Amino acid sequence: VAGGRPGVGTLALAIGMRRRAAGNALGRRLPAVETLGSTTVVCSDKTGTLTRNQMDVVEVELADDHDEGELWISAALCNDADIDPDGDPVGDPPEVALLRAASEHDIDWRELREEHARSREVPFNSESKRMAVVVDGTVHIKGAPEALLDADRHGVLIEAADRMAGAARRTLAVARRDAPGDEAPDEELFAALDVLGVIGMHDPPRDTAVAAVATLHAAGIRTVMITGDRPDTAAAIADDVDLSSGEVVRGQDVAAMADEELGDVIAEVEVFARVDPEHKLRIVDGLQRAGEVVAVTGDGVNDAPALSQADVGVAMGSGTDVAREAADIVLLDDEFDTIETAVQEGRRIFTNIRRFGQFLFSWHVAEVAVIT
């Protein structure tokens, strides 16, 4: 029995990996093919996994005394995306959506960039949730509304951002200011802002996400949404895909919890918002300490630690090289329901290995009995 099992196990895993690759789930590590079948919790990102990752600007709230032309100029300059001559987008979908909206408002962003080169920039990061570039003595800024808007001065814009987020919109605030001296610290670029407005973008849920979430639930597998978006946006999308949105826990609350308290929370809550990479890693670790077998999806550089920590890391094929290298499985079509199919294949592999083990055991018992 012992001699036959390694060969049978290897053969079953190899066949399963081949079948899974045909179903757009490319396995990078052989044991992960079976482990996914034992998964009890899937920690899913929102954007690009449960949603289509195809954003469109659907609403704008302008600040007083500003027009849309000013807003779209700043949004195009404070932007790292591109659209090639064939119309194919390059870069993050929210930034691509901003470029398309700028074009619709007669802003030639390519010419704008050629004529006004950056002299300084502060890249976006998950902690500050904002970005700035200095162009011709002006700082152009975009970021999360809570990172740029002041409650005393921008009450109307904050209300607009809250309303948009409640309607499952992703929100960005755009601002500008005169550039300080070259020696000024980065933090000074974000002081005394002249806010131009708030932009709402819609990224609809995938058509297959609702059915996939329901199928996983019926199979005894929880789906937990972990996103960097606002809590109200996360709750709205969770409701669209039939995830429980009764309670949304913020990343900063996760950071403040003791391990025991976090364990109680993650046993019940299925939506986490405004989550940084370290928060996501702690949620995954907490689930594992509770005895769960955890699969994690991700596509960005910041997702790599959680993908490595998970029992099965699942990267989107359109994601970064870092995420794909850290993952055990790569989804070639970026579809959430591919995870569901891969789980079914993993369970089939486990069942086949177990059945063959039972067959070998009974065969050899019969041989021993005859000889005895």
# chains A, B, ... in the order shown; residues from 1 in each chain; ligands from 1
>>> residues_around(residues="Ala212 of chain A", least_positions_apart="3", cutoff="10 Å", atoms="only C-alpha atoms", output="compact mmCIF listing (two decimals) with N, CA and C atoms, in the first residue's frame")
# COMPACT_ATOMS: atom_id res chain seq x y z
N LEU A 50 -14.43 40.12 -7.57
CA LEU A 50 -15.89 40.09 -7.48
C LEU A 50 -16.51 41.10 -8.45
N ASP A 207 -20.93 39.08 -13.59
CA ASP A 207 -22.18 38.34 -13.73
C ASP A 207 -22.13 36.98 -13.04
N THR A 208 -20.94 36.39 -12.99
CA THR A 208 -20.79 35.04 -12.44
C THR A 208 -20.53 35.02 -10.94
N ALA A 209 -20.29 36.19 -10.35
CA ALA A 209 -19.86 36.22 -8.95
C ALA A 209 -20.95 35.76 -8.00
N THR A 215 -22.58 28.97 -4.67
CA THR A 215 -22.13 27.58 -4.79
C THR A 215 -21.09 27.25 -3.72
N LEU A 216 -20.14 28.18 -3.50
CA LEU A 216 -19.14 27.96 -2.45
C LEU A 216 -19.81 27.84 -1.09
N HIS A 217 -20.79 28.70 -0.84
CA HIS A 217 -21.49 28.66 0.45
C HIS A 217 -22.20 27.32 0.63
N ALA A 218 -22.84 26.83 -0.43
CA ALA A 218 -23.53 25.55 -0.36
C ALA A 218 -22.56 24.40 -0.11
N THR A 223 -17.02 32.94 1.92
CA THR A 223 -16.32 33.94 1.13
C THR A 223 -16.23 35.22 1.95
N VAL A 241 -23.55 40.94 -4.49
CA VAL A 241 -23.14 39.56 -4.75
C VAL A 241 -23.65 38.60 -3.68
N GLU A 335 -11.68 35.31 -13.50
CA GLU A 335 -13.08 35.10 -13.12
C GLU A 335 -13.17 34.44 -11.74
N PHE A 336 -14.04 34.97 -10.87
CA PHE A 336 -14.20 34.41 -9.54
C PHE A 336 -14.75 32.99 -9.59
N ASP A 337 -15.62 32.71 -10.58
CA ASP A 337 -16.20 31.37 -10.62
C ASP A 337 -15.18 30.31 -11.04
N THR A 338 -14.01 30.73 -11.56
CA THR A 338 -12.95 29.77 -11.84
C THR A 338 -12.43 29.16 -10.54
N ILE A 339 -12.46 29.95 -9.45
CA ILE A 339 -12.07 29.41 -8.14
C ILE A 339 -13.04 28.30 -7.74
N GLU A 340 -14.32 28.53 -7.96
CA GLU A 340 -15.33 27.52 -7.63
C GLU A 340 -15.04 26.22 -8.39
N THR A 341 -14.76 26.33 -9.69
CA THR A 341 -14.47 25.15 -10.49
C THR A 341 -13.20 24.45 -10.01
>>> residues_around(residues="Leu112 of chain A", least_positions_apart="2", cutoff="12 Å", atoms="only C-alpha atoms", output="list in words")
Trp72, Ile73, Ser74, Ala75, Ala76, Leu77, Cys78, Asn79, Leu99, Ala102, Ser103, Asp106, Ile107, Asp108, Trp109, Arg110, Glu114, Glu115, His116, Ala117, Arg118, Val135 and Asp136 of chain A
>>> write_last_selection(atoms="N, CA and C atoms", output="mmCIF file, in the first residue's frame")
data_model
loop_
_atom_site.group_PDB
_atom_site.id
_atom_site.type_symbol
_atom_site.label_atom_id
_atom_site.label_comp_id
_atom_site.auth_asym_id
_atom_site.auth_seq_id
_atom_site.Cartn_x
_atom_site.Cartn_y
_atom_site.Cartn_z
ATOM 1 N N TRP A 72 -10.508 67.929 -14.719
ATOM 2 C CA TRP A 72 -9.980 66.872 -15.582
ATOM 3 C C TRP A 72 -8.533 67.112 -15.962
ATOM 4 N N ILE A 73 -8.103 68.360 -16.016
ATOM 5 C CA ILE A 73 -6.684 68.634 -16.267
ATOM 6 C C ILE A 73 -5.840 68.083 -15.123
ATOM 7 N N SER A 74 -6.235 68.367 -13.899
ATOM 8 C CA SER A 74 -5.489 67.849 -12.745
ATOM 9 C C SER A 74 -5.546 66.328 -12.686
ATOM 10 N N ALA A 75 -6.740 65.741 -12.980
ATOM 11 C CA ALA A 75 -6.884 64.285 -12.933
ATOM 12 C C ALA A 75 -6.032 63.601 -13.998
ATOM 13 N N ALA A 76 -5.830 64.257 -15.142
ATOM 14 C CA ALA A 76 -5.012 63.676 -16.204
ATOM 15 C C ALA A 76 -3.525 63.813 -15.926
ATOM 16 N N LEU A 77 -3.127 64.931 -15.312
ATOM 17 C CA LEU A 77 -1.708 65.130 -15.009
ATOM 18 C C LEU A 77 -1.263 64.283 -13.819
ATOM 19 N N CYS A 78 -2.122 64.157 -12.820
ATOM 20 C CA CYS A 78 -1.806 63.337 -11.642
ATOM 21 C C CYS A 78 -2.284 61.913 -11.930
ATOM 22 N N ASN A 79 -1.590 61.251 -12.847
ATOM 23 C CA ASN A 79 -2.096 59.999 -13.380
ATOM 24 C C ASN A 79 -0.945 59.232 -14.025
ATOM 25 N N LEU A 99 -8.683 59.083 -17.503
ATOM 26 C CA LEU A 99 -8.197 59.542 -18.813
ATOM 27 C C LEU A 99 -9.321 59.531 -19.847
ATOM 28 N N ALA A 102 -11.570 62.422 -19.180
ATOM 29 C CA ALA A 102 -10.931 63.673 -19.607
ATOM 30 C C ALA A 102 -11.076 63.858 -21.119
ATOM 31 N N SER A 103 -10.880 62.772 -21.873
ATOM 32 C CA SER A 103 -11.037 62.851 -23.326
ATOM 33 C C SER A 103 -12.457 63.228 -23.707
ATOM 34 N N ASP A 106 -13.102 66.849 -23.789
ATOM 35 C CA ASP A 106 -12.259 67.604 -24.738
ATOM 36 C C ASP A 106 -10.906 67.992 -24.158
ATOM 37 N N ILE A 107 -10.391 67.180 -23.259
ATOM 38 C CA ILE A 107 -9.035 67.384 -22.731
ATOM 39 C C ILE A 107 -8.092 66.434 -23.458
ATOM 40 N N ASP A 108 -7.145 66.989 -24.216
ATOM 41 C CA ASP A 108 -6.143 66.156 -24.896
ATOM 42 C C ASP A 108 -5.028 65.861 -23.902
ATOM 43 N N TRP A 109 -5.188 64.781 -23.137
ATOM 44 C CA TRP A 109 -4.257 64.509 -22.036
ATOM 45 C C TRP A 109 -2.866 64.120 -22.531
ATOM 46 N N ARG A 110 -2.768 63.541 -23.740
ATOM 47 C CA ARG A 110 -1.440 63.210 -24.273
ATOM 48 C C ARG A 110 -0.635 64.486 -24.545
ATOM 49 N N GLU A 114 2.798 66.005 -22.664
ATOM 50 C CA GLU A 114 4.007 66.341 -23.422
ATOM 51 C C GLU A 114 4.448 67.773 -23.161
ATOM 52 N N GLU A 115 3.475 68.663 -23.010
ATOM 53 C CA GLU A 115 3.804 70.081 -22.829
ATOM 54 C C GLU A 115 4.136 70.428 -21.387
ATOM 55 N N HIS A 116 3.690 69.608 -20.445
ATOM 56 C CA HIS A 116 3.873 69.925 -19.024
ATOM 57 C C HIS A 116 4.473 68.724 -18.296
ATOM 58 N N ALA A 117 5.782 68.646 -18.296
ATOM 59 C CA ALA A 117 6.477 67.509 -17.680
ATOM 60 C C ALA A 117 6.516 67.654 -16.159
ATOM 61 N N ARG A 118 6.549 66.539 -15.470
ATOM 62 C CA ARG A 118 6.636 66.542 -14.011
ATOM 63 C C ARG A 118 8.038 66.938 -13.554
ATOM 64 N N VAL A 135 3.854 70.128 -11.495
ATOM 65 C CA VAL A 135 3.972 70.466 -12.913
ATOM 66 C C VAL A 135 3.917 71.982 -13.050
ATOM 67 N N ASP A 136 4.985 72.580 -13.562
ATOM 68 C CA ASP A 136 5.018 74.021 -13.839
ATOM 69 C C ASP A 136 4.569 74.855 -12.636
#
>>> residues_around(residues="segment 263-271 of chain A", least_positions_apart="3", cutoff="9 Å", atoms="only C-alpha atoms", output="MDAnalysis selection string")
chainID A and resid 43 222:227 231 234:235 238 243:250 258:260 283 286:287 289:290
>>> write_last_selection(atoms="N, CA, C and O atoms", output="mmCIF file, in the first residue's frame")
data_model
loop_
_atom_site.group_PDB
_atom_site.id
_atom_site.type_symbol
_atom_site.label_atom_id
_atom_site.label_comp_id
_atom_site.auth_asym_id
_atom_site.auth_seq_id
_atom_site.Cartn_x
_atom_site.Cartn_y
_atom_site.Cartn_z
ATOM 1 N N CYS A 43 -10.701 34.210 0.930
ATOM 2 C CA CYS A 43 -10.564 35.650 1.174
ATOM 3 C C CYS A 43 -10.362 36.334 -0.175
ATOM 4 O O CYS A 43 -9.299 36.188 -0.795
ATOM 5 N N ARG A 222 -16.861 29.607 3.214
ATOM 6 C CA ARG A 222 -17.174 31.025 3.390
ATOM 7 C C ARG A 222 -16.401 31.860 2.379
ATOM 8 O O ARG A 222 -15.269 31.541 2.026
ATOM 9 N N THR A 223 -17.018 32.936 1.924
ATOM 10 C CA THR A 223 -16.323 33.942 1.127
ATOM 11 C C THR A 223 -16.226 35.219 1.954
ATOM 12 O O THR A 223 -17.241 35.740 2.412
ATOM 13 N N VAL A 224 -15.009 35.700 2.153
ATOM 14 C CA VAL A 224 -14.764 36.906 2.934
ATOM 15 C C VAL A 224 -14.169 37.958 2.011
ATOM 16 O O VAL A 224 -13.144 37.713 1.365
ATOM 17 N N MET A 225 -14.819 39.111 1.913
ATOM 18 C CA MET A 225 -14.313 40.197 1.085
ATOM 19 C C MET A 225 -13.333 41.052 1.894
ATOM 20 O O MET A 225 -13.664 41.524 2.977
ATOM 21 N N ILE A 226 -12.140 41.257 1.344
ATOM 22 C CA ILE A 226 -11.138 42.114 1.974
ATOM 23 C C ILE A 226 -10.711 43.141 0.934
ATOM 24 O O ILE A 226 -10.113 42.788 -0.082
ATOM 25 N N THR A 227 -11.022 44.399 1.173
ATOM 26 C CA THR A 227 -10.791 45.429 0.155
ATOM 27 C C THR A 227 -10.221 46.696 0.774
ATOM 28 O O THR A 227 -10.394 46.958 1.962
ATOM 29 N N PRO A 231 -15.879 51.566 3.486
ATOM 30 C CA PRO A 231 -16.824 50.588 4.036
ATOM 31 C C PRO A 231 -18.185 50.595 3.343
ATOM 32 O O PRO A 231 -18.754 49.525 3.093
ATOM 33 N N ALA A 234 -17.860 48.933 -0.040
ATOM 34 C CA ALA A 234 -17.704 47.485 0.152
ATOM 35 C C ALA A 234 -19.033 46.840 0.516
ATOM 36 O O ALA A 234 -19.382 45.766 0.012
ATOM 37 N N ALA A 235 -19.800 47.500 1.399
ATOM 38 C CA ALA A 235 -21.094 46.951 1.815
ATOM 39 C C ALA A 235 -22.056 46.865 0.642
ATOM 40 O O ALA A 235 -22.807 45.887 0.504
ATOM 41 N N ALA A 238 -20.954 43.996 -1.584
ATOM 42 C CA ALA A 238 -21.246 42.745 -0.878
ATOM 43 C C ALA A 238 -22.722 42.402 -0.998
ATOM 44 O O ALA A 238 -23.091 41.236 -1.188
ATOM 45 N N LEU A 243 -23.290 38.604 -0.445
ATOM 46 C CA LEU A 243 -22.486 38.387 0.754
ATOM 47 C C LEU A 243 -23.154 39.116 1.913
ATOM 48 O O LEU A 243 -23.825 40.123 1.719
ATOM 49 N N SER A 244 -22.927 38.643 3.114
ATOM 50 C CA SER A 244 -23.477 39.340 4.273
ATOM 51 C C SER A 244 -22.808 40.700 4.401
ATOM 52 O O SER A 244 -21.585 40.791 4.443
ATOM 53 N N SER A 245 -23.602 41.764 4.429
ATOM 54 C CA SER A 245 -23.047 43.107 4.601
ATOM 55 C C SER A 245 -23.601 43.767 5.857
ATOM 56 O O SER A 245 -23.666 44.978 5.967
ATOM 57 N N GLY A 246 -24.042 42.925 6.799
ATOM 58 C CA GLY A 246 -24.603 43.473 8.023
ATOM 59 C C GLY A 246 -23.592 44.239 8.843
ATOM 60 O O GLY A 246 -23.914 45.222 9.493
ATOM 61 N N GLU A 247 -22.347 43.809 8.806
ATOM 62 C CA GLU A 247 -21.290 44.491 9.548
ATOM 63 C C GLU A 247 -20.047 44.566 8.674
ATOM 64 O O GLU A 247 -19.655 43.582 8.039
ATOM 65 N N VAL A 248 -19.433 45.731 8.644
ATOM 66 C CA VAL A 248 -18.188 45.940 7.911
ATOM 67 C C VAL A 248 -17.138 46.413 8.907
ATOM 68 O O VAL A 248 -17.350 47.387 9.625
ATOM 69 N N VAL A 249 -16.014 45.718 8.942
ATOM 70 C CA VAL A 249 -14.935 46.059 9.873
ATOM 71 C C VAL A 249 -13.817 46.754 9.105
ATOM 72 O O VAL A 249 -13.392 46.284 8.041
ATOM 73 N N ARG A 250 -13.342 47.869 9.628
ATOM 74 C CA ARG A 250 -12.282 48.645 8.986
ATOM 75 C C ARG A 250 -10.910 48.091 9.365
ATOM 76 O O ARG A 250 -10.727 47.494 10.431
ATOM 77 N N ALA A 258 -6.936 42.849 19.906
ATOM 78 C CA ALA A 258 -6.083 41.766 20.383
ATOM 79 C C ALA A 258 -6.410 40.504 19.590
ATOM 80 O O ALA A 258 -7.464 40.397 18.950
ATOM 81 N N ASP A 259 -5.512 39.520 19.629
ATOM 82 C CA ASP A 259 -5.687 38.314 18.835
ATOM 83 C C ASP A 259 -7.001 37.598 19.155
ATOM 84 O O ASP A 259 -7.700 37.134 18.252
ATOM 85 N N GLU A 260 -7.333 37.508 20.436
ATOM 86 C CA GLU A 260 -8.552 36.796 20.821
ATOM 87 C C GLU A 260 -9.798 37.509 20.298
ATOM 88 O O GLU A 260 -10.723 36.871 19.774
ATOM 89 N N ILE A 283 -5.570 39.147 9.176
ATOM 90 C CA ILE A 283 -6.860 38.460 9.035
ATOM 91 C C ILE A 283 -6.636 37.019 8.578
ATOM 92 O O ILE A 283 -7.230 36.071 9.123
ATOM 93 N N GLY A 286 -5.195 34.999 11.396
ATOM 94 C CA GLY A 286 -6.214 34.710 12.399
ATOM 95 C C GLY A 286 -7.129 33.576 11.973
ATOM 96 O O GLY A 286 -7.503 32.719 12.789
ATOM 97 N N LEU A 287 -7.504 33.540 10.705
ATOM 98 C CA LEU A 287 -8.332 32.456 10.202
ATOM 99 C C LEU A 287 -7.604 31.122 10.281
ATOM 100 O O LEU A 287 -8.191 30.089 10.654
ATOM 101 N N ARG A 289 -5.184 30.310 12.393
ATOM 102 C CA ARG A 289 -5.070 29.908 13.790
ATOM 103 C C ARG A 289 -6.385 29.344 14.318
ATOM 104 O O ARG A 289 -6.393 28.569 15.275
ATOM 105 N N ALA A 290 -7.491 29.723 13.678
ATOM 106 C CA ALA A 290 -8.799 29.187 14.058
ATOM 107 C C ALA A 290 -9.068 27.829 13.406
ATOM 108 O O ALA A 290 -10.149 27.264 13.575
#
>>> closest_residue(among="A:Val60, A:Ala304, A:Ala255, A:Ala179", to="Ala161 of chain A", atoms="only C-alpha atoms")
A:Val60
>>> atom_distance(atom1="atom CA of Pro31 of chain A", atom2="atom CA of Ala323 of chain A")
18.7 Å
>>> closest_residue(among="A:Val210, A:Val174, A:Asp253, A:Glu146", to="Ile237 of chain A", atoms="only C-alpha atoms")
A:Val210
>>> closest_residue(among="A:Ala236, A:Ala369, A:Val312, A:Ala214", to="Thr51 of chain A", atoms="only C-alpha atoms")
A:Ala236
>>> atom_distance(atom1="atom CA of Leu360 of chain A", atom2="atom CA of Ala32 of chain A")
24.4 Å
>>> closest_atom_pairs(of="segment 158-241 of chain A", to="segment 131-134 of chain A", cutoff="12 Å", atoms="only C-alpha atoms", output="JSON lines")
{"residue": "A:Leu172", "atom": "CA", "partner": "A:Met131", "partner_atom": "CA", "distance": 10.9}
{"residue": "A:Ala173", "atom": "CA", "partner": "A:Met131", "partner_atom": "CA", "distance": 10.7}
{"residue": "A:Val174", "atom": "CA", "partner": "A:Met131", "partner_atom": "CA", "distance": 9.8}
{"residue": "A:Ala175", "atom": "CA", "partner": "A:Ala132", "partner_atom": "CA", "distance": 9.3}
{"residue": "A:Arg176", "atom": "CA", "partner": "A:Ala132", "partner_atom": "CA", "distance": 8.8}
{"residue": "A:Arg177", "atom": "CA", "partner": "A:Val134", "partner_atom": "CA", "distance": 9.5}
{"residue": "A:Asp178", "atom": "CA", "partner": "A:Val134", "partner_atom": "CA", "distance": 9.0}
{"residue": "A:Ala179", "atom": "CA", "partner": "A:Val134", "partner_atom": "CA", "distance": 6.8}
{"residue": "A:Pro180", "atom": "CA", "partner": "A:Val134", "partner_atom": "CA", "distance": 9.5}
{"residue": "A:Gly181", "atom": "CA", "partner": "A:Val134", "partner_atom": "CA", "distance": 10.8}
{"residue": "A:Asp182", "atom": "CA", "partner": "A:Val134", "partner_atom": "CA", "distance": 10.0}
{"residue": "A:Asp186", "atom": "CA", "partner": "A:Ala132", "partner_atom": "CA", "distance": 8.9}
{"residue": "A:Glu187", "atom": "CA", "partner": "A:Ala132", "partner_atom": "CA", "distance": 10.2}
{"residue": "A:Glu188", "atom": "CA", "partner": "A:Ala132", "partner_atom": "CA", "distance": 10.8}
{"residue": "A:Leu189", "atom": "CA", "partner": "A:Ala132", "partner_atom": "CA", "distance": 7.4}
{"residue": "A:Phe190", "atom": "CA", "partner": "A:Ala132", "partner_atom": "CA", "distance": 7.9}
{"residue": "A:Ala191", "atom": "CA", "partner": "A:Ala132", "partner_atom": "CA", "distance": 11.5}
{"residue": "A:Leu193", "atom": "CA", "partner": "A:Ala132", "partner_atom": "CA", "distance": 11.5}
>>> write_last_selection(atoms="N, CA, C and O atoms", output="PDB file, in the first residue's frame")
ATOM      1  N   LEU A 172     -12.976  59.398  -5.665  1.00  0.00           N
ATOM      2  CA  LEU A 172     -11.681  60.066  -5.639  1.00  0.00           C
ATOM      3  C   LEU A 172     -11.903  61.568  -5.547  1.00  0.00           C
ATOM      4  O   LEU A 172     -12.788  62.117  -6.202  1.00  0.00           O
ATOM      5  N   ALA A 173     -11.099  62.210  -4.716  1.00  0.00           N
ATOM      6  CA  ALA A 173     -11.092  63.667  -4.649  1.00  0.00           C
ATOM      7  C   ALA A 173      -9.904  64.182  -5.451  1.00  0.00           C
ATOM      8  O   ALA A 173      -8.846  63.542  -5.499  1.00  0.00           O
ATOM      9  N   VAL A 174     -10.088  65.326  -6.100  1.00  0.00           N
ATOM     10  CA  VAL A 174      -9.023  65.942  -6.906  1.00  0.00           C
ATOM     11  C   VAL A 174      -8.798  67.356  -6.394  1.00  0.00           C
ATOM     12  O   VAL A 174      -9.757  68.091  -6.111  1.00  0.00           O
ATOM     13  N   ALA A 175      -7.526  67.731  -6.269  1.00  0.00           N
ATOM     14  CA  ALA A 175      -7.190  69.050  -5.726  1.00  0.00           C
ATOM     15  C   ALA A 175      -5.916  69.570  -6.380  1.00  0.00           C
ATOM     16  O   ALA A 175      -5.245  68.860  -7.144  1.00  0.00           O
ATOM     17  N   ARG A 176      -5.590  70.821  -6.069  1.00  0.00           N
ATOM     18  CA  ARG A 176      -4.335  71.408  -6.531  1.00  0.00           C
ATOM     19  C   ARG A 176      -3.918  72.499  -5.555  1.00  0.00           C
ATOM     20  O   ARG A 176      -4.664  72.883  -4.665  1.00  0.00           O
ATOM     21  N   ARG A 177      -2.710  72.992  -5.727  1.00  0.00           N
ATOM     22  CA  ARG A 177      -2.210  74.113  -4.933  1.00  0.00           C
ATOM     23  C   ARG A 177      -0.936  74.620  -5.586  1.00  0.00           C
ATOM     24  O   ARG A 177      -0.329  73.937  -6.427  1.00  0.00           O
ATOM     25  N   ASP A 178      -0.510  75.822  -5.217  1.00  0.00           N
ATOM     26  CA  ASP A 178       0.781  76.324  -5.693  1.00  0.00           C
ATOM     27  C   ASP A 178       1.889  75.499  -5.055  1.00  0.00           C
ATOM     28  O   ASP A 178       1.826  75.162  -3.867  1.00  0.00           O
ATOM     29  N   ALA A 179       2.899  75.193  -5.841  1.00  0.00           N
ATOM     30  CA  ALA A 179       3.977  74.344  -5.344  1.00  0.00           C
ATOM     31  C   ALA A 179       4.838  75.093  -4.329  1.00  0.00           C
ATOM     32  O   ALA A 179       5.191  76.263  -4.542  1.00  0.00           O
ATOM     33  N   PRO A 180       5.177  74.439  -3.206  1.00  0.00           N
ATOM     34  CA  PRO A 180       6.132  75.033  -2.263  1.00  0.00           C
ATOM     35  C   PRO A 180       7.547  74.923  -2.826  1.00  0.00           C
ATOM     36  O   PRO A 180       7.746  74.432  -3.953  1.00  0.00           O
ATOM     37  N   GLY A 181       8.516  75.333  -2.074  1.00  0.00           N
ATOM     38  CA  GLY A 181       9.898  75.262  -2.534  1.00  0.00           C
ATOM     39  C   GLY A 181      10.358  73.835  -2.759  1.00  0.00           C
ATOM     40  O   GLY A 181       9.780  72.874  -2.252  1.00  0.00           O
ATOM     41  N   ASP A 182      11.427  73.713  -3.534  1.00  0.00           N
ATOM     42  CA  ASP A 182      11.946  72.386  -3.874  1.00  0.00           C
ATOM     43  C   ASP A 182      12.368  71.589  -2.641  1.00  0.00           C
ATOM     44  O   ASP A 182      12.363  70.359  -2.668  1.00  0.00           O
ATOM     45  N   ASP A 186       7.518  66.167   1.544  1.00  0.00           N
ATOM     46  CA  ASP A 186       6.357  65.670   0.792  1.00  0.00           C
ATOM     47  C   ASP A 186       5.045  66.059   1.459  1.00  0.00           C
ATOM     48  O   ASP A 186       4.067  66.389   0.781  1.00  0.00           O
ATOM     49  N   GLU A 187       5.011  66.023   2.780  1.00  0.00           N
ATOM     50  CA  GLU A 187       3.772  66.300   3.498  1.00  0.00           C
ATOM     51  C   GLU A 187       3.248  67.691   3.195  1.00  0.00           C
ATOM     52  O   GLU A 187       2.022  67.916   3.172  1.00  0.00           O
ATOM     53  N   GLU A 188       4.152  68.641   2.925  1.00  0.00           N
ATOM     54  CA  GLU A 188       3.722  70.013   2.667  1.00  0.00           C
ATOM     55  C   GLU A 188       2.985  70.144   1.335  1.00  0.00           C
ATOM     56  O   GLU A 188       2.197  71.082   1.149  1.00  0.00           O
ATOM     57  N   LEU A 189       3.214  69.213   0.424  1.00  0.00           N
ATOM     58  CA  LEU A 189       2.506  69.258  -0.856  1.00  0.00           C
ATOM     59  C   LEU A 189       1.001  69.087  -0.676  1.00  0.00           C
ATOM     60  O   LEU A 189       0.209  69.495  -1.531  1.00  0.00           O
ATOM     61  N   PHE A 190       0.592  68.468   0.436  1.00  0.00           N
ATOM     62  CA  PHE A 190      -0.819  68.172   0.666  1.00  0.00           C
ATOM     63  C   PHE A 190      -1.479  69.150   1.638  1.00  0.00           C
ATOM     64  O   PHE A 190      -2.593  68.915   2.095  1.00  0.00           O
ATOM     65  N   ALA A 191      -0.810  70.247   1.945  1.00  0.00           N
ATOM     66  CA  ALA A 191      -1.363  71.239   2.866  1.00  0.00           C
ATOM     67  C   ALA A 191      -2.038  72.359   2.080  1.00  0.00           C
ATOM     68  O   ALA A 191      -1.677  72.651   0.933  1.00  0.00           O
ATOM     69  N   LEU A 193      -4.964  72.830   0.536  1.00  0.00           N
ATOM     70  CA  LEU A 193      -5.382  72.408  -0.799  1.00  0.00           C
ATOM     71  C   LEU A 193      -6.568  73.222  -1.317  1.00  0.00           C
ATOM     72  O   LEU A 193      -7.455  73.606  -0.563  1.00  0.00           O
TER      73      LEU A 193
END
>>> closest_residue(among="A:Gly251, A:Gly143, A:Gly220, A:Pro89", to="Val293 of chain A", atoms="only C-alpha atoms")
A:Gly220
>>> select_by_dssp(residues="segment 17-265 of chain A", states="alpha helix (DSSP H)", output="MDAnalysis selection string")
chainID A and resid 17:22 30:35 68:77 93:104 109:115 145:148 155:166 209:218 231:240 251:256 259:265
>>> residues_around(residues="Ala160 of chain A", least_positions_apart="6", cutoff="10 Å", atoms="only C-alpha atoms", output="list of chain:residue names")
A:Glu59, A:Val60, A:Glu61, A:Leu62, A:His154, A:Gly166, A:Thr171, A:Gly197, A:Val198, A:Ile199, A:Gly200
>>> closest_residue(among="A:Ala295, A:Ala81, A:Leu98, A:Val284", to="His202 of chain A", atoms="only C-alpha atoms")
A:Leu98
>>> select_by_dssp(residues="segment 274-324 of chain A", states="strand (DSSP E or B)", output="ChimeraX atom specification")
/A:294-298,312-316
>>> atom_distance(atom1="atom CA of Ala144 of chain A", atom2="atom CA of Gly319 of chain A")
22.2 Å
>>> closest_residue(among="A:Arg169, A:Gln309, A:Asp239, A:Pro123", to="Ala326 of chain A", atoms="only C-alpha atoms")
A:Gln309
>>> residues_around(residues="Asp334 of chain A", least_positions_apart="3", cutoff="12 Å", atoms="only C-alpha atoms", output="ChimeraX atom specification")
/A:23-26,44-53,206,208-209,297-299,314-319,329-331,337-339
>>> decode(residues="segment 117-123 of chain A", atoms="N, CA, C and O atoms", output="PDB file, in the first residue's frame")
ATOM      1  N   ALA A 117       5.782  68.646 -18.296  1.00  0.00           N
ATOM      2  CA  ALA A 117       6.477  67.509 -17.680  1.00  0.00           C
ATOM      3  C   ALA A 117       6.516  67.654 -16.159  1.00  0.00           C
ATOM      4  O   ALA A 117       6.537  68.763 -15.612  1.00  0.00           O
ATOM      5  N   ARG A 118       6.549  66.539 -15.470  1.00  0.00           N
ATOM      6  CA  ARG A 118       6.636  66.542 -14.011  1.00  0.00           C
ATOM      7  C   ARG A 118       8.038  66.938 -13.554  1.00  0.00           C
ATOM      8  O   ARG A 118       9.035  66.504 -14.132  1.00  0.00           O
ATOM      9  N   SER A 119       8.070  67.698 -12.498  1.00  0.00           N
ATOM     10  CA  SER A 119       9.358  68.014 -11.885  1.00  0.00           C
ATOM     11  C   SER A 119       9.523  67.306 -10.535  1.00  0.00           C
ATOM     12  O   SER A 119      10.625  67.261  -9.992  1.00  0.00           O
ATOM     13  N   ARG A 120       8.402  66.755 -10.031  1.00  0.00           N
ATOM     14  CA  ARG A 120       8.446  66.059  -8.742  1.00  0.00           C
ATOM     15  C   ARG A 120       7.156  65.250  -8.601  1.00  0.00           C
ATOM     16  O   ARG A 120       6.120  65.624  -9.162  1.00  0.00           O
ATOM     17  N   GLU A 121       7.216  64.152  -7.869  1.00  0.00           N
ATOM     18  CA  GLU A 121       6.006  63.372  -7.643  1.00  0.00           C
ATOM     19  C   GLU A 121       6.082  62.640  -6.310  1.00  0.00           C
ATOM     20  O   GLU A 121       7.165  62.325  -5.805  1.00  0.00           O
ATOM     21  N   VAL A 122       4.910  62.394  -5.756  1.00  0.00           N
ATOM     22  CA  VAL A 122       4.756  61.556  -4.565  1.00  0.00           C
ATOM     23  C   VAL A 122       3.818  60.429  -4.973  1.00  0.00           C
ATOM     24  O   VAL A 122       2.619  60.660  -5.142  1.00  0.00           O
ATOM     25  N   PRO A 123       4.335  59.204  -5.160  1.00  0.00           N
ATOM     26  CA  PRO A 123       3.489  58.117  -5.648  1.00  0.00           C
ATOM     27  C   PRO A 123       2.393  57.747  -4.653  1.00  0.00           C
ATOM     28  O   PRO A 123       2.514  57.974  -3.441  1.00  0.00           O
TER      29      PRO A 123
END
